[in-house]
>>> print(open('entry-v1.tsv').read())   # TSV, N, CA and C atoms
chain	number	residue	atom	x	y	z
A	1	MET	N	-0.08	90.32	-109.60
A	1	MET	CA	-0.94	89.63	-110.51
A	1	MET	C	-0.18	89.23	-111.77
A	2	ALA	N	0.71	90.09	-112.24
A	2	ALA	CA	1.47	89.78	-113.45
A	2	ALA	C	2.39	88.58	-113.24
A	3	GLU	N	2.83	88.36	-112.02
A	3	GLU	CA	3.74	87.24	-111.76
A	3	GLU	C	3.08	85.89	-112.01
A	4	GLY	N	1.77	85.84	-111.90
A	4	GLY	CA	1.06	84.60	-112.19
A	4	GLY	C	1.20	84.18	-113.63
A	5	ALA	N	1.42	85.11	-114.53
A	5	ALA	CA	1.59	84.81	-115.95
A	5	ALA	C	2.94	84.19	-116.24
A	6	LEU	N	3.83	84.19	-115.28
A	6	LEU	CA	5.18	83.66	-115.49
A	6	LEU	C	5.30	82.17	-115.19
A	7	THR	N	4.19	81.50	-114.95
A	7	THR	CA	4.25	80.11	-114.54
A	7	THR	C	4.19	79.12	-115.70
A	8	ASP	N	3.99	79.57	-116.92
A	8	ASP	CA	3.91	78.69	-118.08
A	8	ASP	C	5.29	78.12	-118.38
A	9	GLU	N	5.39	76.80	-118.46
A	9	GLU	CA	6.68	76.14	-118.62
A	9	GLU	C	7.25	76.23	-120.03
A	10	GLY	N	6.42	76.20	-121.05
A	10	GLY	CA	6.94	76.09	-122.40
A	10	GLY	C	7.03	77.41	-123.15
A	11	THR	N	6.93	78.53	-122.49
A	11	THR	CA	6.92	79.82	-123.17
A	11	THR	C	8.14	80.65	-122.76
A	12	VAL	N	8.74	81.31	-123.73
A	12	VAL	CA	9.81	82.26	-123.42
A	12	VAL	C	9.13	83.53	-122.94
A	13	ILE	N	9.45	83.96	-121.75
A	13	ILE	CA	8.79	85.12	-121.16
A	13	ILE	C	9.80	86.25	-121.03
A	14	VAL	N	9.43	87.41	-121.53
A	14	VAL	CA	10.26	88.59	-121.41
A	14	VAL	C	9.44	89.62	-120.64
A	15	TRP	N	9.95	90.00	-119.47
A	15	TRP	CA	9.27	90.98	-118.62
A	15	TRP	C	10.23	92.15	-118.44
A	16	VAL	N	9.84	93.32	-118.90
A	16	VAL	CA	10.71	94.49	-118.86
A	16	VAL	C	10.09	95.51	-117.91
A	17	ALA	N	10.90	96.05	-117.02
A	17	ALA	CA	10.44	97.09	-116.09
A	17	ALA	C	11.35	98.30	-116.25
A	18	PHE	N	10.78	99.40	-116.74
A	18	PHE	CA	11.52	100.65	-116.90
A	18	PHE	C	11.02	101.64	-115.86
A	19	GLY	N	11.87	102.54	-115.43
A	19	GLY	CA	11.41	103.57	-114.52
A	19	GLY	C	12.52	104.49	-114.09
A	20	ASN	N	12.13	105.59	-113.48
A	20	ASN	CA	13.09	106.49	-112.88
A	20	ASN	C	13.22	106.10	-111.41
A	21	PRO	N	14.43	105.91	-110.95
A	21	PRO	CA	14.63	105.46	-109.57
A	21	PRO	C	14.50	106.59	-108.57
A	22	THR	N	13.31	107.15	-108.42
A	22	THR	CA	13.11	108.32	-107.57
A	22	THR	C	12.89	107.97	-106.11
A	23	ARG	N	12.58	106.71	-105.80
A	23	ARG	CA	12.36	106.30	-104.40
A	23	ARG	C	13.29	105.16	-104.05
A	24	ASN	N	13.74	105.12	-102.81
A	24	ASN	CA	14.65	104.05	-102.41
A	24	ASN	C	13.92	102.88	-101.77
A	25	ALA	N	12.62	102.80	-101.99
A	25	ALA	CA	11.82	101.69	-101.47
A	25	ALA	C	10.78	101.33	-102.52
A	26	GLY	N	10.19	100.16	-102.38
A	26	GLY	CA	9.14	99.74	-103.29
A	26	GLY	C	9.58	98.60	-104.18
A	27	ARG	N	8.64	98.10	-104.94
A	27	ARG	CA	8.88	96.92	-105.77
A	27	ARG	C	9.93	97.18	-106.86
A	28	PHE	N	9.91	98.35	-107.49
A	28	PHE	CA	10.90	98.64	-108.52
A	28	PHE	C	12.30	98.64	-107.92
A	29	ARG	N	12.46	99.23	-106.75
A	29	ARG	CA	13.77	99.24	-106.08
A	29	ARG	C	14.23	97.83	-105.77
A	30	GLU	N	13.31	96.98	-105.39
A	30	GLU	CA	13.67	95.61	-105.03
A	30	GLU	C	14.13	94.79	-106.23
A	31	CYS	N	13.79	95.20	-107.45
A	31	CYS	CA	14.33	94.53	-108.64
A	31	CYS	C	15.85	94.67	-108.69
A	32	PHE	N	16.37	95.71	-108.07
A	32	PHE	CA	17.81	95.98	-108.05
A	32	PHE	C	18.46	95.52	-106.75
A	33	ARG	N	17.67	94.99	-105.84
A	33	ARG	CA	18.19	94.62	-104.54
A	33	ARG	C	17.79	93.20	-104.18
A	34	ARG	N	16.67	93.03	-103.54
A	34	ARG	CA	16.24	91.71	-103.07
A	34	ARG	C	16.05	90.72	-104.21
A	35	TYR	N	15.49	91.17	-105.34
A	35	TYR	CA	15.20	90.27	-106.45
A	35	TYR	C	16.20	90.42	-107.60
A	36	ARG	N	17.36	90.98	-107.34
A	36	ARG	CA	18.33	91.22	-108.42
A	36	ARG	C	18.79	89.93	-109.08
A	37	HIS	N	18.71	88.81	-108.38
A	37	HIS	CA	19.10	87.54	-108.98
A	37	HIS	C	18.11	87.09	-110.07
A	38	ARG	N	16.95	87.72	-110.14
A	38	ARG	CA	15.94	87.39	-111.15
A	38	ARG	C	15.93	88.36	-112.32
A	39	TRP	N	16.72	89.42	-112.28
A	39	TRP	CA	16.67	90.47	-113.28
A	39	TRP	C	18.06	90.75	-113.85
A	40	ILE	N	18.09	91.23	-115.08
A	40	ILE	CA	19.30	91.82	-115.66
A	40	ILE	C	19.06	93.32	-115.55
A	41	THR	N	19.83	93.98	-114.71
A	41	THR	CA	19.56	95.40	-114.42
A	41	THR	C	20.58	96.31	-115.09
A	42	ARG	N	20.13	97.51	-115.38
A	42	ARG	CA	20.99	98.54	-115.96
A	42	ARG	C	20.66	99.87	-115.33
A	43	HIS	N	21.67	100.66	-115.06
A	43	HIS	CA	21.53	102.06	-114.65
A	43	HIS	C	22.05	102.88	-115.83
A	44	ILE	N	21.26	103.81	-116.30
A	44	ILE	CA	21.66	104.61	-117.45
A	44	ILE	C	21.88	106.05	-117.00
A	45	ASP	N	23.11	106.51	-117.12
A	45	ASP	CA	23.45	107.89	-116.83
A	45	ASP	C	23.00	108.74	-118.02
A	46	SER	N	22.18	109.75	-117.77
A	46	SER	CA	21.63	110.59	-118.84
A	46	SER	C	22.73	111.25	-119.67
A	47	ARG	N	23.87	111.49	-119.06
A	47	ARG	CA	24.96	112.15	-119.78
A	47	ARG	C	25.59	111.25	-120.83
A	48	SER	N	25.35	109.93	-120.74
A	48	SER	CA	25.92	109.01	-121.72
A	48	SER	C	24.98	108.73	-122.89
A	49	VAL	N	23.81	109.37	-122.89
A	49	VAL	CA	22.82	109.15	-123.92
A	49	VAL	C	22.92	110.25	-124.98
A	50	GLU	N	22.96	109.83	-126.24
A	50	GLU	CA	23.05	110.78	-127.34
A	50	GLU	C	21.80	111.67	-127.37
A	51	GLY	N	22.03	112.96	-127.60
A	51	GLY	CA	20.91	113.88	-127.75
A	51	GLY	C	20.44	114.55	-126.47
A	52	THR	N	21.07	114.24	-125.33
A	52	THR	CA	20.68	114.92	-124.09
A	52	THR	C	21.47	116.21	-123.94
A	53	ASN	N	20.91	117.14	-123.22
A	53	ASN	CA	21.53	118.44	-123.00
A	53	ASN	C	22.55	118.31	-121.85
A	54	LYS	N	23.79	118.09	-122.20
A	54	LYS	CA	24.84	117.84	-121.20
A	54	LYS	C	25.04	119.03	-120.26
A	55	ALA	N	24.95	120.25	-120.79
A	55	ALA	CA	25.12	121.43	-119.94
A	55	ALA	C	24.00	121.52	-118.90
A	56	TYR	N	22.77	121.25	-119.31
A	56	TYR	CA	21.65	121.28	-118.37
A	56	TYR	C	21.80	120.18	-117.31
A	57	LEU	N	22.19	118.99	-117.73
A	57	LEU	CA	22.39	117.90	-116.78
A	57	LEU	C	23.48	118.24	-115.77
A	58	GLN	N	24.57	118.88	-116.24
A	58	GLN	CA	25.63	119.29	-115.32
A	58	GLN	C	25.13	120.35	-114.35
A	59	SER	N	24.24	121.23	-114.81
A	59	SER	CA	23.68	122.25	-113.91
A	59	SER	C	22.84	121.60	-112.82
A	60	ILE	N	22.15	120.51	-113.15
A	60	ILE	CA	21.40	119.78	-112.12
A	60	ILE	C	22.35	119.24	-111.06
A	61	VAL	N	23.44	118.64	-111.51
A	61	VAL	CA	24.45	118.10	-110.58
A	61	VAL	C	25.03	119.21	-109.72
A	62	ASP	N	25.41	120.32	-110.33
A	62	ASP	CA	26.01	121.43	-109.60
A	62	ASP	C	25.03	122.04	-108.58
A	63	ASP	N	23.80	122.27	-109.02
A	63	ASP	CA	22.79	122.87	-108.13
A	63	ASP	C	22.39	121.95	-106.98
A	64	ALA	N	22.49	120.64	-107.22
A	64	ALA	CA	22.09	119.68	-106.20
A	64	ALA	C	23.18	119.43	-105.16
A	65	GLY	N	24.39	119.92	-105.41
A	65	GLY	CA	25.46	119.74	-104.44
A	65	GLY	C	26.50	118.72	-104.85
A	66	GLY	N	26.49	118.26	-106.08
A	66	GLY	CA	27.52	117.35	-106.55
A	66	GLY	C	26.99	115.99	-106.96
A	67	GLU	N	27.91	115.17	-107.44
A	67	GLU	CA	27.60	113.84	-107.96
A	67	GLU	C	26.90	112.92	-106.95
A	68	ASP	N	27.24	113.06	-105.67
A	68	ASP	CA	26.70	112.15	-104.66
A	68	ASP	C	25.38	112.59	-104.08
A	69	SER	N	24.85	113.72	-104.51
A	69	SER	CA	23.55	114.16	-103.99
A	69	SER	C	22.45	113.25	-104.54
A	70	ASP	N	21.39	113.10	-103.77
A	70	ASP	CA	20.29	112.25	-104.20
A	70	ASP	C	19.63	112.74	-105.48
A	71	VAL	N	19.50	114.06	-105.63
A	71	VAL	CA	18.89	114.60	-106.85
A	71	VAL	C	19.73	114.23	-108.07
A	72	ALA	N	21.04	114.37	-107.97
A	72	ALA	CA	21.91	113.99	-109.08
A	72	ALA	C	21.83	112.50	-109.35
A	73	LYS	N	21.70	111.72	-108.29
A	73	LYS	CA	21.61	110.27	-108.47
A	73	LYS	C	20.39	109.89	-109.30
A	74	TYR	N	19.20	110.36	-108.93
A	74	TYR	CA	18.02	109.88	-109.65
A	74	TYR	C	17.63	110.72	-110.86
A	75	ARG	N	18.06	111.96	-110.96
A	75	ARG	CA	17.71	112.78	-112.13
A	75	ARG	C	18.75	112.69	-113.25
A	76	VAL	N	19.99	112.39	-112.91
A	76	VAL	CA	21.05	112.40	-113.92
A	76	VAL	C	21.71	111.03	-114.05
A	77	ARG	N	22.11	110.45	-112.94
A	77	ARG	CA	22.92	109.22	-112.97
A	77	ARG	C	22.12	107.94	-113.11
A	78	GLY	N	20.80	107.98	-112.93
A	78	GLY	CA	19.98	106.78	-113.05
A	78	GLY	C	20.14	105.83	-111.89
A	79	GLU	N	20.42	106.36	-110.71
A	79	GLU	CA	20.60	105.54	-109.51
A	79	GLU	C	19.54	105.92	-108.48
A	80	PHE	N	19.32	105.01	-107.56
A	80	PHE	CA	18.35	105.26	-106.51
A	80	PHE	C	18.92	106.23	-105.47
A	81	PRO	N	18.05	107.03	-104.84
A	81	PRO	CA	18.53	107.93	-103.79
A	81	PRO	C	19.01	107.15	-102.58
A	82	SER	N	19.87	107.77	-101.79
A	82	SER	CA	20.40	107.11	-100.60
A	82	SER	C	19.37	107.02	-99.49
A	83	GLN	N	18.48	107.97	-99.44
A	83	GLN	CA	17.46	107.94	-98.39
A	83	GLN	C	16.20	108.64	-98.87
A	84	SER	N	15.10	108.31	-98.22
A	84	SER	CA	13.83	108.95	-98.56
A	84	SER	C	13.73	110.28	-97.81
A	85	PRO	N	12.84	111.15	-98.23
A	85	PRO	CA	12.69	112.42	-97.53
A	85	PRO	C	12.26	112.25	-96.07
A	86	MET	N	11.66	111.14	-95.74
A	86	MET	CA	11.19	110.89	-94.37
A	86	MET	C	12.21	110.13	-93.53
A	87	GLN	N	13.38	109.84	-94.06
A	87	GLN	CA	14.38	109.02	-93.40
A	87	GLN	C	15.44	109.90	-92.75
A	88	PHE	N	15.70	109.67	-91.46
A	88	PHE	CA	16.67	110.47	-90.71
A	88	PHE	C	18.10	110.00	-90.94
A	89	ILE	N	18.32	108.69	-90.96
A	89	ILE	CA	19.65	108.11	-91.13
A	89	ILE	C	19.70	107.44	-92.50
A	90	GLY	N	20.70	107.78	-93.29
A	90	GLY	CA	20.83	107.26	-94.65
A	90	GLY	C	21.10	105.77	-94.69
A	91	GLU	N	20.72	105.14	-95.80
A	91	GLU	CA	20.89	103.70	-95.99
A	91	GLU	C	22.35	103.28	-95.89
A	92	ALA	N	23.26	104.06	-96.46
A	92	ALA	CA	24.69	103.72	-96.41
A	92	ALA	C	25.20	103.71	-94.97
A	93	ASP	N	24.73	104.64	-94.14
A	93	ASP	CA	25.15	104.68	-92.74
A	93	ASP	C	24.61	103.49	-91.96
A	94	VAL	N	23.38	103.09	-92.25
A	94	VAL	CA	22.79	101.92	-91.59
A	94	VAL	C	23.56	100.67	-91.97
A	95	GLU	N	23.85	100.51	-93.27
A	95	GLU	CA	24.60	99.34	-93.72
A	95	GLU	C	26.01	99.33	-93.12
A	96	ALA	N	26.65	100.48	-93.00
A	96	ALA	CA	27.98	100.55	-92.39
A	96	ALA	C	27.92	100.13	-90.93
A	97	ALA	N	26.87	100.55	-90.23
A	97	ALA	CA	26.73	100.19	-88.82
A	97	ALA	C	26.45	98.70	-88.66
A	98	ARG	N	25.69	98.13	-89.57
A	98	ARG	CA	25.40	96.69	-89.49
A	98	ARG	C	26.65	95.85	-89.63
A	99	GLY	N	27.56	96.27	-90.52
A	99	GLY	CA	28.74	95.48	-90.79
A	99	GLY	C	29.95	95.83	-89.95
A	100	ALA	N	29.84	96.84	-89.10
A	100	ALA	CA	31.03	97.33	-88.41
A	100	ALA	C	31.19	96.79	-86.99
A	101	GLY	N	30.28	96.00	-86.51
A	101	GLY	CA	30.39	95.49	-85.14
A	101	GLY	C	30.15	96.59	-84.13
A	102	THR	N	30.74	96.47	-82.94
A	102	THR	CA	30.48	97.44	-81.88
A	102	THR	C	31.13	98.79	-82.15
A	103	SER	N	32.13	98.84	-83.04
A	103	SER	CA	32.76	100.13	-83.33
A	103	SER	C	32.01	100.90	-84.41
A	104	GLY	N	30.92	100.33	-84.95
A	104	GLY	CA	30.17	100.95	-86.04
A	104	GLY	C	29.69	102.36	-85.76
A	105	PRO	N	28.96	102.60	-84.67
A	105	PRO	CA	28.44	103.94	-84.47
A	105	PRO	C	29.51	105.02	-84.36
A	106	SER	N	30.65	104.73	-83.68
A	106	SER	CA	31.66	105.77	-83.59
A	106	SER	C	32.34	105.99	-84.94
A	107	ASN	N	32.52	104.93	-85.73
A	107	ASN	CA	33.05	105.10	-87.08
A	107	ASN	C	32.07	105.87	-87.94
A	108	MET	N	30.80	105.58	-87.77
A	108	MET	CA	29.78	106.23	-88.56
A	108	MET	C	29.73	107.73	-88.26
A	109	ALA	N	29.91	108.09	-87.01
A	109	ALA	CA	29.82	109.50	-86.63
A	109	ALA	C	30.94	110.32	-87.25
A	110	SER	N	32.07	109.71	-87.56
A	110	SER	CA	33.18	110.46	-88.13
A	110	SER	C	33.09	110.59	-89.64
A	111	ARG	N	32.14	109.92	-90.26
A	111	ARG	CA	31.99	110.02	-91.72
A	111	ARG	C	31.40	111.37	-92.08
A	112	PRO	N	31.90	112.00	-93.12
A	112	PRO	CA	31.44	113.35	-93.45
A	112	PRO	C	29.97	113.43	-93.86
A	113	ARG	N	29.37	112.37	-94.41
A	113	ARG	CA	27.99	112.46	-94.86
A	113	ARG	C	27.01	111.95	-93.82
A	114	SER	N	27.45	111.67	-92.62
A	114	SER	CA	26.53	111.20	-91.59
A	114	SER	C	25.48	112.24	-91.29
A	115	SER	N	24.25	111.78	-91.08
A	115	SER	CA	23.20	112.71	-90.73
A	115	SER	C	22.95	112.70	-89.23
A	116	ALA	N	23.68	111.86	-88.51
A	116	ALA	CA	23.52	111.81	-87.06
A	116	ALA	C	24.82	111.33	-86.44
A	117	SER	N	25.06	111.77	-85.25
A	117	SER	CA	26.20	111.26	-84.48
A	117	SER	C	25.64	110.34	-83.41
A	118	ILE	N	26.20	109.14	-83.32
A	118	ILE	CA	25.74	108.18	-82.32
A	118	ILE	C	26.91	107.83	-81.43
A	119	ARG	N	26.74	108.08	-80.15
A	119	ARG	CA	27.80	107.81	-79.20
A	119	ARG	C	27.87	106.32	-78.89
A	120	PRO	N	29.07	105.72	-78.82
A	120	PRO	CA	29.16	104.32	-78.43
A	120	PRO	C	28.75	104.15	-76.97
A	121	GLY	N	28.22	103.01	-76.68
A	121	GLY	CA	27.78	102.71	-75.33
A	121	GLY	C	26.53	101.88	-75.35
A	122	PRO	N	25.93	101.66	-74.20
A	122	PRO	CA	24.75	100.78	-74.13
A	122	PRO	C	23.61	101.20	-75.04
A	123	ALA	N	23.36	102.51	-75.19
A	123	ALA	CA	22.25	102.95	-76.03
A	123	ALA	C	22.51	102.61	-77.50
A	124	SER	N	23.74	102.84	-77.97
A	124	SER	CA	24.02	102.54	-79.38
A	124	SER	C	24.05	101.04	-79.62
A	125	THR	N	24.43	100.26	-78.62
A	125	THR	CA	24.40	98.80	-78.76
A	125	THR	C	22.96	98.34	-78.92
A	126	ARG	N	22.06	98.92	-78.13
A	126	ARG	CA	20.64	98.56	-78.27
A	126	ARG	C	20.13	98.96	-79.64
A	127	TRP	N	20.55	100.15	-80.14
A	127	TRP	CA	20.11	100.59	-81.47
A	127	TRP	C	20.57	99.61	-82.54
A	128	ARG	N	21.82	99.22	-82.48
A	128	ARG	CA	22.36	98.31	-83.49
A	128	ARG	C	21.65	96.96	-83.43
A	129	SER	N	21.41	96.44	-82.23
A	129	SER	CA	20.81	95.12	-82.14
A	129	SER	C	19.34	95.15	-82.56
A	130	CYS	N	18.64	96.27	-82.38
A	130	CYS	CA	17.24	96.31	-82.80
A	130	CYS	C	17.13	96.51	-84.30
A	131	CYS	N	18.13	97.07	-84.93
A	131	CYS	CA	18.05	97.38	-86.36
A	131	CYS	C	18.78	96.36	-87.22
A	132	ALA	N	19.67	95.58	-86.65
A	132	ALA	CA	20.46	94.64	-87.43
A	132	ALA	C	19.63	93.42	-87.82
A	133	ARG	N	19.90	92.91	-88.99
A	133	ARG	CA	19.23	91.69	-89.42
A	133	ARG	C	20.01	90.49	-88.93
A	134	GLY	N	19.29	89.39	-88.84
A	134	GLY	CA	19.94	88.13	-88.57
A	134	GLY	C	20.27	87.95	-87.18
>>> encode(input="entry-v1.tsv", output="structure tokens")
Amino acid sequence: MAEGALTDEGTVIVWVAFGNPTRNAGRFRECFRRYRHRWITRHIDSRSVEGTNKAYLQSIVDDAGGEDSDVAKYRVRGEFPSQSPMQFIGEADVEAARGAGTSGPSNMASRPRSSASIRPGPASTRWRSCCARG
């Protein structure tokens, strides 16, 4: 509904969307992905902000398993998580498989952060073709 207000030709329109990137899906996420050409986006790492408790933020990173953990990404680094709690295969692994051709699943299985091993062959070819865009 708010997008309808953006149709006025002679008005300077400023639309600001703030939020914590706690989900890797939804309209807010798409401001950084599908609609990124329409937005000026920023990710703010909490550790770079004056007045934040740096020791506490580091404890979040340490307890979550490091910088690349999803909790550290959305609670400290200001980035979207790699996958939702209901997602079996992470977004990075899906994107790697899409761009890797027929060798994608075997390359994906050797990656240390893979959540699944997929054997190359007819079954993995069907998986890639049903999930690939275009």
>>> atom_distance(input="entry-v1.tsv", atom1="atom N of Phe28 of chain A", atom2="atom N of Gly78 of chain A")
15.5 Å
>>> residues_around(input="entry-v1.tsv", residues="Glu79 of chain A", least_positions_apart="2", cutoff="7 Å", atoms="only N, CA and C atoms", output="PDB file with N, CA and C atoms, in the coordinates of the input")
ATOM      1  N   ASN A  20      12.130 105.590-113.480  1.00  0.00           N
ATOM      2  CA  ASN A  20      13.090 106.490-112.880  1.00  0.00           C
ATOM      3  C   ASN A  20      13.220 106.100-111.410  1.00  0.00           C
ATOM      4  N   PRO A  21      14.430 105.910-110.950  1.00  0.00           N
ATOM      5  CA  PRO A  21      14.630 105.460-109.570  1.00  0.00           C
ATOM      6  C   PRO A  21      14.500 106.590-108.570  1.00  0.00           C
ATOM      7  N   THR A  22      13.310 107.150-108.420  1.00  0.00           N
ATOM      8  CA  THR A  22      13.110 108.320-107.570  1.00  0.00           C
ATOM      9  C   THR A  22      12.890 107.970-106.110  1.00  0.00           C
ATOM     10  N   HIS A  43      21.670 100.660-115.060  1.00  0.00           N
ATOM     11  CA  HIS A  43      21.530 102.060-114.650  1.00  0.00           C
ATOM     12  C   HIS A  43      22.050 102.880-115.830  1.00  0.00           C
ATOM     13  N   ILE A  44      21.260 103.810-116.300  1.00  0.00           N
ATOM     14  CA  ILE A  44      21.660 104.610-117.450  1.00  0.00           C
ATOM     15  C   ILE A  44      21.880 106.050-117.000  1.00  0.00           C
ATOM     16  N   ASP A  45      23.110 106.510-117.120  1.00  0.00           N
ATOM     17  CA  ASP A  45      23.450 107.890-116.830  1.00  0.00           C
ATOM     18  C   ASP A  45      23.000 108.740-118.020  1.00  0.00           C
ATOM     19  N   ALA A  72      21.040 114.370-107.970  1.00  0.00           N
ATOM     20  CA  ALA A  72      21.910 113.990-109.080  1.00  0.00           C
ATOM     21  C   ALA A  72      21.830 112.500-109.350  1.00  0.00           C
ATOM     22  N   LYS A  73      21.700 111.720-108.290  1.00  0.00           N
ATOM     23  CA  LYS A  73      21.610 110.270-108.470  1.00  0.00           C
ATOM     24  C   LYS A  73      20.390 109.890-109.300  1.00  0.00           C
ATOM     25  N   TYR A  74      19.200 110.360-108.930  1.00  0.00           N
ATOM     26  CA  TYR A  74      18.020 109.880-109.650  1.00  0.00           C
ATOM     27  C   TYR A  74      17.630 110.720-110.860  1.00  0.00           C
ATOM     28  N   ARG A  75      18.060 111.960-110.960  1.00  0.00           N
ATOM     29  CA  ARG A  75      17.710 112.780-112.130  1.00  0.00           C
ATOM     30  C   ARG A  75      18.750 112.690-113.250  1.00  0.00           C
ATOM     31  N   VAL A  76      19.990 112.390-112.910  1.00  0.00           N
ATOM     32  CA  VAL A  76      21.050 112.400-113.920  1.00  0.00           C
ATOM     33  C   VAL A  76      21.710 111.030-114.050  1.00  0.00           C
ATOM     34  N   ARG A  77      22.110 110.450-112.940  1.00  0.00           N
ATOM     35  CA  ARG A  77      22.920 109.220-112.970  1.00  0.00           C
ATOM     36  C   ARG A  77      22.120 107.940-113.110  1.00  0.00           C
ATOM     37  N   PRO A  81      18.050 107.030-104.840  1.00  0.00           N
ATOM     38  CA  PRO A  81      18.530 107.930-103.790  1.00  0.00           C
ATOM     39  C   PRO A  81      19.010 107.150-102.580  1.00  0.00           C
ATOM     40  N   SER A  82      19.870 107.770-101.790  1.00  0.00           N
ATOM     41  CA  SER A  82      20.400 107.110-100.600  1.00  0.00           C
ATOM     42  C   SER A  82      19.370 107.020 -99.490  1.00  0.00           C
TER      43      SER A  82
END
>>> atom_distance(input="entry-v1.tsv", atom1="atom CA of Glu67 of chain A", atom2="atom CA of Arg98 of chain A")
25.3 Å
>>> select_by_dssp(input="entry-v1.tsv", residues="segment 36-82 of chain A", states="alpha helix (DSSP H)", output="PyMOL selection string")
chain A and resi 54-64+70-72
>>> closest_residue(input="entry-v1.tsv", among="A:Arg23, A:Arg34, A:Arg29, A:Arg42", to="Gln83 of chain A", atoms="all atoms listed in the file")
A:Arg23
>>> atom_distance(input="entry-v1.tsv", atom1="atom CA of Glu50 of chain A", atom2="atom CA of Asp68 of chain A")
23.0 Å
>>> build_atoms(input="entry-v1.tsv", residues="segment 57-63 of chain A", atoms="all heavy atoms", output="PDB file, in the frame of the given file")
ATOM      1  N   LEU A  57      22.190 118.990-117.730  1.00  0.00           N
ATOM      2  CA  LEU A  57      22.390 117.900-116.780  1.00  0.00           C
ATOM      3  C   LEU A  57      23.480 118.240-115.770  1.00  0.00           C
ATOM      4  O   LEU A  57      23.359 117.955-114.584  1.00  0.00           O
ATOM      5  CB  LEU A  57      22.709 116.595-117.516  1.00  0.00           C
ATOM      6  CG  LEU A  57      21.572 116.047-118.386  1.00  0.00           C
ATOM      7  CD1 LEU A  57      22.066 114.888-119.238  1.00  0.00           C
ATOM      8  CD2 LEU A  57      20.397 115.631-117.524  1.00  0.00           C
ATOM      9  N   GLN A  58      24.570 118.880-116.240  1.00  0.00           N
ATOM     10  CA  GLN A  58      25.630 119.290-115.320  1.00  0.00           C
ATOM     11  C   GLN A  58      25.130 120.350-114.350  1.00  0.00           C
ATOM     12  O   GLN A  58      25.525 120.371-113.185  1.00  0.00           O
ATOM     13  CB  GLN A  58      26.858 119.783-116.084  1.00  0.00           C
ATOM     14  CG  GLN A  58      28.050 120.039-115.196  1.00  0.00           C
ATOM     15  CD  GLN A  58      28.470 118.800-114.411  1.00  0.00           C
ATOM     16  OE1 GLN A  58      28.578 117.705-114.958  1.00  0.00           O
ATOM     17  NE2 GLN A  58      28.683 118.957-113.111  1.00  0.00           N
ATOM     18  N   SER A  59      24.240 121.230-114.810  1.00  0.00           N
ATOM     19  CA  SER A  59      23.680 122.250-113.910  1.00  0.00           C
ATOM     20  C   SER A  59      22.840 121.600-112.820  1.00  0.00           C
ATOM     21  O   SER A  59      22.817 122.077-111.680  1.00  0.00           O
ATOM     22  CB  SER A  59      22.883 123.296-114.681  1.00  0.00           C
ATOM     23  OG  SER A  59      21.647 122.780-115.128  1.00  0.00           O
ATOM     24  N   ILE A  60      22.150 120.510-113.150  1.00  0.00           N
ATOM     25  CA  ILE A  60      21.400 119.780-112.120  1.00  0.00           C
ATOM     26  C   ILE A  60      22.350 119.240-111.060  1.00  0.00           C
ATOM     27  O   ILE A  60      22.114 119.376-109.858  1.00  0.00           O
ATOM     28  CB  ILE A  60      20.573 118.632-112.736  1.00  0.00           C
ATOM     29  CG1 ILE A  60      19.462 119.179-113.623  1.00  0.00           C
ATOM     30  CG2 ILE A  60      19.996 117.729-111.650  1.00  0.00           C
ATOM     31  CD1 ILE A  60      18.707 118.106-114.403  1.00  0.00           C
ATOM     32  N   VAL A  61      23.440 118.640-111.510  1.00  0.00           N
ATOM     33  CA  VAL A  61      24.450 118.100-110.580  1.00  0.00           C
ATOM     34  C   VAL A  61      25.030 119.210-109.720  1.00  0.00           C
ATOM     35  O   VAL A  61      25.119 119.078-108.493  1.00  0.00           O
ATOM     36  CB  VAL A  61      25.560 117.354-111.362  1.00  0.00           C
ATOM     37  CG1 VAL A  61      26.696 116.953-110.433  1.00  0.00           C
ATOM     38  CG2 VAL A  61      24.997 116.139-112.074  1.00  0.00           C
ATOM     39  N   ASP A  62      25.410 120.320-110.330  1.00  0.00           N
ATOM     40  CA  ASP A  62      26.010 121.430-109.600  1.00  0.00           C
ATOM     41  C   ASP A  62      25.030 122.040-108.580  1.00  0.00           C
ATOM     42  O   ASP A  62      25.395 122.273-107.430  1.00  0.00           O
ATOM     43  CB  ASP A  62      26.486 122.518-110.559  1.00  0.00           C
ATOM     44  CG  ASP A  62      27.616 122.050-111.456  1.00  0.00           C
ATOM     45  OD1 ASP A  62      28.281 121.045-111.119  1.00  0.00           O
ATOM     46  OD2 ASP A  62      27.832 122.690-112.514  1.00  0.00           O
ATOM     47  N   ASP A  63      23.800 122.270-109.020  1.00  0.00           N
ATOM     48  CA  ASP A  63      22.790 122.870-108.130  1.00  0.00           C
ATOM     49  C   ASP A  63      22.390 121.950-106.980  1.00  0.00           C
ATOM     50  O   ASP A  63      22.009 122.410-105.911  1.00  0.00           O
ATOM     51  CB  ASP A  63      21.545 123.267-108.912  1.00  0.00           C
ATOM     52  CG  ASP A  63      21.805 124.403-109.892  1.00  0.00           C
ATOM     53  OD1 ASP A  63      22.862 125.059-109.783  1.00  0.00           O
ATOM     54  OD2 ASP A  63      20.948 124.615-110.773  1.00  0.00           O
TER      55      ASP A  63
END
